Amino acid sequence: MQKIAVLGLGKVGTLASELLHESGFSVTGFDAQAGANLPFETRTIDVSDAAALTAALTGFDAVLSCLPYFLNIGVANVAHELGLHYFDLTEDVPTTKAIMELAKTSKGLMAPQCGLAPGFVGIVGASLIEELDNCRSCRMRVGALPQNPTGLMGYSFNWSPEGVVNEYLNDCEVLEDGEIKWVSPMEWIEKIVIGGIELEAFTTSGGLGTMCDTYKDRVPNMDYKTMRYPGHVQLMNFFFHELLMRDRRKEAGEILVNAKPPVSDDIVYIHVAAEGELNGRTQRKEFVRGLKPIEIAGKERTAIAWTTASSVVAVIEMVREGTLPAQGFLKQEDVSLEAFLKTRNGARYNG
């Protein structure tokens with residue numbers, strides 16, 4: 001695997017392309033508008049045109065989609081048709097299930113959900129579960145937040161508004177007492193404190209990826225929640241449900257981004273915990289981080305951009321090195337955390 005096409009040159013897509021280029025891959029970036037002053041080739045494309053996309057991706061070894069979730073199935077179908085490796089960052093459950101079906105007959109590796117959550121947190125969760133003789137619960141929490149919040153909402157949209165609205169409104173898969181269940185989003189609110197900063201966590205869709213199916217007979221309780229500053233979830237429930245914006249998702253995203261635009265000084269909080277027995281005693285294993293912007297290739301990168309881009313590029317590195325399979329469907333929980341952290345890009349998570 002050498003030639004990689006990256007679709008979508010927003011902050012994450014551009015950074016992922018740069019990291020792939022620095023890691024020795026031959027990268028071509030595709031977007032509706034060609035980028036300027038980038039160290040890799042860029043081309044313009046309308047990704048909704050399947051014929052144009054097929055022609056554009058012919059000759060590549062792999063494609064990484066950094067597009068909004070609703071465009072990924074079309075890209076995955078083209079990758080499957082051409083026999084390419086496929087990677088994306090989606091949190092959308094129906095998209096992932098469609099890609100799982102494609103993977104049954106794929107010539108390359110189909111690897112969705114390679115971002116932060118789903119993605120890295122699943123790798124961490126699986127690692128903590130394996131540290132225990134038996135595990136009774138695994139809880140995964142992630143929050144991408146402004147370091148210096150303002151207003152009642154305490155938030156800035158540094159991530160795709162389509163993705164945020166999607167995960168706030170779609171039902172959430174959990175494991176409860178050994179059963180896979182679907183629960184409402186923006187519920188099960190709990191308090192979490194990281195480094196003296198109080199946060200609230202609540203259910204959102206897609207963060208567990210495929211983990212419920214993987215662990216349904218081994219870990220009776222498992223869930224994923226998004227973390228925000230206190231008071232956020234009450235306002236979001238009011239916005240989406242009392243003001244009926246849940247039925248106007250596109251407009252909802254536009255309103256929220258206009259009100260709370262992206263910031264440079266962000267922070268990504270990660271809190272993963274597994275509980276169970278080890279050597280006959282009840283134990284709790286934790287992985288907790290507060291990750292801030294860092295400089296990469298001479299530029300300051302936001303925390304959400306570098307954590308997401310580094311995660312997917314680390315997985316791509318592992319596929320190239322043969323550490324991961326080259327065909328079929330990749331579950332994030334099958335990625336070794338130890339091997340991940342030894343890659344050029346995964347090592348950034350070591351701090």
# chains A, B, ... in the order shown; residues from 1 in each chain; ligands from 1
call {"tool": "select_by_dssp", "arguments": {"residues": "segment 114-324 of chain A", "states": "strand (DSSP E)", "output": "count of residues only"}}
result
73
call {"tool": "residues_around", "arguments": {"residues": "segment 20-25 of chain A", "least_positions_apart": "4", "cutoff": "8 Å", "atoms": "only C-alpha atoms", "output": "compact mmCIF listing (two decimals) with N, CA, C and O atoms, in the first residue's frame"}}
result
# COMPACT_ATOMS: atom_id res chain seq x y z
N GLN A 2 0.81 2.00 -1.09
CA GLN A 2 1.66 3.18 -1.21
C GLN A 2 0.87 4.42 -1.63
O GLN A 2 1.02 5.49 -1.06
N LYS A 3 0.00 4.26 -2.65
CA LYS A 3 -0.73 5.41 -3.19
C LYS A 3 -2.08 5.54 -2.49
O LYS A 3 -2.91 4.64 -2.57
N ILE A 4 -2.28 6.67 -1.80
CA ILE A 4 -3.50 6.88 -1.03
C ILE A 4 -4.22 8.14 -1.50
O ILE A 4 -3.59 9.20 -1.64
N ALA A 16 -4.38 14.83 8.05
CA ALA A 16 -4.15 13.41 7.80
C ALA A 16 -3.32 13.22 6.53
O ALA A 16 -2.42 12.38 6.49
N PRO A 39 2.02 20.08 0.68
CA PRO A 39 3.16 19.29 0.21
C PRO A 39 2.77 18.05 -0.59
O PRO A 39 3.61 17.19 -0.85
N PHE A 40 1.50 17.94 -0.98
CA PHE A 40 1.03 16.79 -1.75
C PHE A 40 0.12 17.30 -2.86
O PHE A 40 -0.40 18.43 -2.80
N VAL A 313 -4.14 7.62 10.72
CA VAL A 313 -2.88 7.41 10.02
C VAL A 313 -2.06 6.32 10.71
O VAL A 313 -1.37 5.53 10.05
N GLU A 317 -0.63 3.05 8.92
CA GLU A 317 0.77 2.61 9.08
C GLU A 317 0.82 1.12 9.42
O GLU A 317 1.64 0.36 8.88
N ARG A 344 4.64 5.82 14.26
CA ARG A 344 5.08 7.22 14.19
C ARG A 344 3.99 8.18 14.66
O ARG A 344 4.23 9.13 15.39
call {"tool": "closest_residue", "arguments": {"among": "A:Val288, A:Ile294, A:Leu235, A:Ala326", "to": "Gly195 of chain A", "atoms": "only C-alpha atoms"}}
result
A:Val288
call {"tool": "closest_residue", "arguments": {"among": "A:Asp217, A:Asp133, A:Glu187, A:Asp177", "to": "Gly276 of chain A", "atoms": "only C-alpha atoms"}}
result
A:Asp133
call {"tool": "closest_residue", "arguments": {"among": "A:Asp223, A:Met1, A:Lys292, A:Leu278", "to": "Arg320 of chain A", "atoms": "only C-alpha atoms"}}
result
A:Met1
